[in-house]
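See below for the structure under consideration.
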Amino acid sequence: MPIIEVEHLAKRYGDHVALRDVTFSVEEGEVFGILGRNGAGKTTTVECLEGLRRADSGRISVLGMNPAEHPAALRADLGVQLQESALPDNMKVWEALDLYSSFHAHPADWKSLLEEWGLAEKRNARFGKLSGGQKQRLFIALALVGNPKVAILDELTTGLDPQARRDTWHLIERIRDRGVTVLLVTHFMDEAERLCDRVAVFHDGAVAAVDTPAAIVARAGGDQRVSFTPSAPVGDDTLLALPGVAGVDRKGESVSVTGSGDLLQVLTTALARLDVVPTGLQVHQAGLEDAFLAMTGAAPAPTQTEEAAR
């Protein structure tokens, strides 16, 4: 049975349509991604799930409750890391955990959370002195201090350096290992592909697809691309006649061949028979980003905030 159900959700801000007929469900124990460029409606959706915003129409059920009607009861089992989170610069790490712990009837042991999330050495550090990765670990610990059944993580790794992002991915996997259902909001394709059991692709306020990352890639075509510079001329007709080849593109002396199946083997075998040596050979396997582009015609925009798009 789904732990989160969203049916025909709609929301407007004046003349701007933020959500239109949004429908998806989240199963217990999975990491479910809400994926899309900034301004696609991701944050509006999760704010409705959290009870922070009311939808104009549609139905929402989180842990069997309507967030708009039972916000207090829902918060007991819901851990949230907002898109933009901050604490007073002078607040110490242990003070934040102790404070948030006091908000819950049956909190986790925040001292154990300090150890578990690598914050024990920063126990007396002030929030303003923490690194970006340390702040994210603290916010995760704060989201888990109430022993939630569902954790909503909104743009968790935005602004982090590559190593801090990957460290945070390991933390998310550990949350799932605790048995917590995770709703992960992101516009990073590699993040969704790495972490999510299923994703909902948002585009212009609507859900374009809901499936596993692999299934979405396959649905969008999943072509491979092989690029090389031939040592001797090779005609497009020769390449297009090869099994699995779907297209040929040229830029100067470079040739890019797209297709499916054993494209690389087919191509290199054919070139060898023609005594053509492919130099600078590069292979690109289609991924979630390629599928996203095929479905929406737009790449994720990493600079604009969704709030501004509203």
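Here, A, B, ... name the chains of the structure tokens in the order displayed, residue numbers run from 1 inside each chain, and ligands are numbered from 1 in the same displayed order.
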| said: Applying 7 Å and only C-alpha atoms, which residues near Leu35 in chain A remain after dropping the ones on its own chain fewer than 6 positions away? List them as a list of chain:residue names. | reply: A:Val185, A:Thr186, A:His187, A:Val199, A:Ala200, A:Val201, A:Phe202
| task | as a PyMOL selection string, list the residues of range 55-250 of chain A assigned to strand (DSSP E) by DSSP on the backbone atoms of this structure. | result | chain A and resi 57-62+78-81+150-154+181-186+198-203+206-211+224-230+245-250
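For Arg250 in chain A, the set of protein, DNA and RNA residues having any atom at most 10 Å away, when counting only C-alpha atoms and skipping those fewer than 2 positions along the same chain, is Ser227, Phe228, Thr229, Asp236, Val248, Gly252, Glu253, Ser254, Val255, Ser256 and Val257 of chain A.
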| request: Identify, on the basis of only C-alpha atoms, every residue whose closest approach to range 206-215 of chain A does not exceed 8 Å; exclude the query and any residue fewer than 5 positions from it along the same chain; express the result as a list in words. | output: Leu19, Arg20, Asp21, Val22, Thr23, Phe24, Ala40, Gly41, Ala192, Glu193, Cys196, Asp197, Arg198, Val199, Ala200, Val201, Leu288, Met295 and Thr296 of chain A
May I have the selected residues written with all heavy atoms, as a short mmCIF file (atom, residue, chain, number, x, y, z; two decimals), in the first residue's frame?
```cif
data_model
loop_
_atom_site.label_atom_id
_atom_site.label_comp_id
_atom_site.auth_asym_id
_atom_site.auth_seq_id
_atom_site.Cartn_x
_atom_site.Cartn_y
_atom_site.Cartn_z
N LEU A 19 1.02 23.86 -10.60
CA LEU A 19 0.77 22.42 -10.69
C LEU A 19 -0.50 22.17 -11.48
O LEU A 19 -1.50 22.87 -11.30
CB LEU A 19 0.62 21.80 -9.30
CG LEU A 19 1.79 21.93 -8.32
CD1 LEU A 19 1.40 21.36 -6.97
CD2 LEU A 19 3.03 21.26 -8.86
N ARG A 20 -0.46 21.16 -12.33
CA ARG A 20 -1.65 20.80 -13.11
C ARG A 20 -1.80 19.28 -13.15
O ARG A 20 -0.96 18.57 -13.68
CB ARG A 20 -1.58 21.40 -14.52
CG ARG A 20 -0.46 20.91 -15.39
CD ARG A 20 -0.36 21.66 -16.70
NE ARG A 20 0.50 22.81 -16.60
CZ ARG A 20 0.28 23.97 -17.21
NH1 ARG A 20 -0.80 24.12 -17.94
NH2 ARG A 20 1.12 24.97 -17.08
N ASP A 21 -2.83 18.79 -12.51
CA ASP A 21 -3.20 17.37 -12.55
C ASP A 21 -2.03 16.45 -12.17
O ASP A 21 -1.76 15.45 -12.83
CB ASP A 21 -3.72 17.00 -13.95
CG ASP A 21 -4.53 15.71 -13.92
OD1 ASP A 21 -5.16 15.43 -12.89
OD2 ASP A 21 -4.51 14.99 -14.94
N VAL A 22 -1.32 16.77 -11.09
CA VAL A 22 -0.17 15.98 -10.64
C VAL A 22 -0.66 14.73 -9.90
O VAL A 22 -1.41 14.84 -8.93
CB VAL A 22 0.75 16.82 -9.73
CG1 VAL A 22 1.79 15.93 -9.05
CG2 VAL A 22 1.42 17.91 -10.55
N THR A 23 -0.21 13.58 -10.36
CA THR A 23 -0.61 12.30 -9.76
C THR A 23 0.60 11.38 -9.66
O THR A 23 1.32 11.18 -10.65
CB THR A 23 -1.70 11.61 -10.60
OG1 THR A 23 -2.88 12.43 -10.63
CG2 THR A 23 -2.05 10.24 -10.02
N PHE A 24 0.86 10.84 -8.47
CA PHE A 24 1.89 9.82 -8.27
C PHE A 24 1.70 9.21 -6.89
O PHE A 24 0.95 9.72 -6.06
CB PHE A 24 3.31 10.39 -8.40
CG PHE A 24 3.68 11.42 -7.36
CD1 PHE A 24 4.23 11.05 -6.15
CD2 PHE A 24 3.47 12.78 -7.61
CE1 PHE A 24 4.57 11.99 -5.20
CE2 PHE A 24 3.81 13.73 -6.67
CZ PHE A 24 4.36 13.34 -5.46
N ALA A 40 9.69 23.81 -12.09
CA ALA A 40 8.79 22.81 -12.67
C ALA A 40 7.64 22.44 -11.75
O ALA A 40 6.70 21.76 -12.18
CB ALA A 40 9.58 21.55 -13.02
N GLY A 41 7.70 22.87 -10.48
CA GLY A 41 6.62 22.56 -9.54
C GLY A 41 7.01 21.60 -8.44
O GLY A 41 6.17 21.19 -7.63
N ALA A 192 19.64 11.40 -9.00
CA ALA A 192 18.42 10.60 -9.10
C ALA A 192 18.71 9.20 -9.61
O ALA A 192 18.17 8.20 -9.12
CB ALA A 192 17.42 11.30 -10.02
N GLU A 193 19.61 9.10 -10.59
CA GLU A 193 19.95 7.80 -11.17
C GLU A 193 20.64 6.91 -10.14
O GLU A 193 20.43 5.70 -10.11
CB GLU A 193 20.84 8.02 -12.39
CG GLU A 193 20.70 6.99 -13.47
CD GLU A 193 21.20 7.48 -14.82
OE1 GLU A 193 21.80 8.57 -14.88
OE2 GLU A 193 20.97 6.77 -15.80
N CYS A 196 17.62 6.77 -6.54
CA CYS A 196 16.16 6.59 -6.53
C CYS A 196 15.72 5.24 -7.08
O CYS A 196 16.20 4.79 -8.12
CB CYS A 196 15.48 7.70 -7.33
SG CYS A 196 15.75 9.35 -6.63
N ASP A 197 14.78 4.61 -6.37
CA ASP A 197 14.14 3.41 -6.87
C ASP A 197 13.19 3.75 -8.01
O ASP A 197 13.12 3.04 -9.00
CB ASP A 197 13.37 2.72 -5.74
CG ASP A 197 14.27 2.30 -4.60
OD1 ASP A 197 15.20 1.51 -4.83
OD2 ASP A 197 14.07 2.79 -3.48
N ARG A 198 12.45 4.85 -7.83
CA ARG A 198 11.58 5.37 -8.89
C ARG A 198 11.65 6.89 -8.87
O ARG A 198 12.02 7.49 -7.85
CB ARG A 198 10.13 4.92 -8.70
CG ARG A 198 9.90 3.43 -8.87
CD ARG A 198 8.41 3.08 -8.84
NE ARG A 198 7.79 3.53 -7.61
CZ ARG A 198 6.63 4.19 -7.55
NH1 ARG A 198 5.98 4.51 -8.64
NH2 ARG A 198 6.13 4.55 -6.37
N VAL A 199 11.28 7.52 -9.99
CA VAL A 199 11.25 8.97 -10.05
C VAL A 199 9.98 9.44 -10.75
O VAL A 199 9.43 8.73 -11.60
CB VAL A 199 12.48 9.56 -10.79
CG1 VAL A 199 13.77 9.21 -10.08
CG2 VAL A 199 12.53 9.09 -12.24
N ALA A 200 9.54 10.63 -10.37
CA ALA A 200 8.50 11.34 -11.12
C ALA A 200 9.17 12.51 -11.82
O ALA A 200 9.80 13.34 -11.16
CB ALA A 200 7.40 11.84 -10.18
N VAL A 201 9.07 12.55 -13.14
CA VAL A 201 9.68 13.64 -13.91
C VAL A 201 8.65 14.75 -14.05
O VAL A 201 7.58 14.55 -14.64
CB VAL A 201 10.12 13.14 -15.30
CG1 VAL A 201 10.68 14.29 -16.11
CG2 VAL A 201 11.15 12.03 -15.17
N LEU A 288 19.77 9.17 -17.74
CA LEU A 288 18.55 9.84 -17.33
C LEU A 288 18.49 11.27 -17.87
O LEU A 288 17.42 11.77 -18.21
CB LEU A 288 18.44 9.85 -15.80
CG LEU A 288 17.09 10.23 -15.21
CD1 LEU A 288 15.97 9.36 -15.75
CD2 LEU A 288 17.14 10.13 -13.69
N MET A 295 12.18 14.00 -23.15
CA MET A 295 10.80 14.11 -22.69
C MET A 295 10.34 15.54 -22.53
O MET A 295 9.17 15.86 -22.74
CB MET A 295 10.64 13.36 -21.36
CG MET A 295 10.84 11.87 -21.46
SD MET A 295 10.87 11.09 -19.85
CE MET A 295 9.24 11.47 -19.28
N THR A 296 11.24 16.43 -22.12
CA THR A 296 10.84 17.79 -21.77
C THR A 296 11.37 18.85 -22.73
O THR A 296 10.87 19.97 -22.75
CB THR A 296 11.31 18.16 -20.35
OG1 THR A 296 12.75 18.26 -20.34
CG2 THR A 296 10.86 17.11 -19.35
#
```
| field | Pairwise distance for CA of Leu52 in chain A and CA of Ala141 in chain A, rounded to one decimal in Å | value | 20.9 Å
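Computed from the coordinates, the CA of Arg219 in chain A to CA of Ala291 in chain A distance equals 7.9 Å.
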Return as a Markdown table the residues of range 151-184 of chain A lying at most 8 Å from range 81-87 of chain A, together with the closest atom-to-atom pair for each and the distance in Å to one decimal, counting only C-alpha atoms, with rows in chain order and ascending residue number.
```
| residue | atom | partner | partner_atom | distance |
| --- | --- | --- | --- | --- |
| A:Ala151 | CA | A:Gln81 | CA | 7.8 |
| A:Ile152 | CA | A:Gln81 | CA | 6.2 |
| A:Leu153 | CA | A:Gln81 | CA | 4.9 |
| A:Asp154 | CA | A:Gln83 | CA | 4.8 |
| A:Glu155 | CA | A:Gln83 | CA | 5.5 |
| A:Leu156 | CA | A:Gln83 | CA | 7.0 |
```
| Backbone-only DSSP, alpha helix (DSSP H) members of range 59-286 of chain A, as a PyMOL selection string | chain A and resi 71-75+93-101+110-116+132-144+162-177+189-195+213-219+236-240+263-273
| request: May I ask for the distance between CA of Gly79 in chain A and CA of Leu195 in chain A, given in Å to one decimal place? | output: 18.3 Å
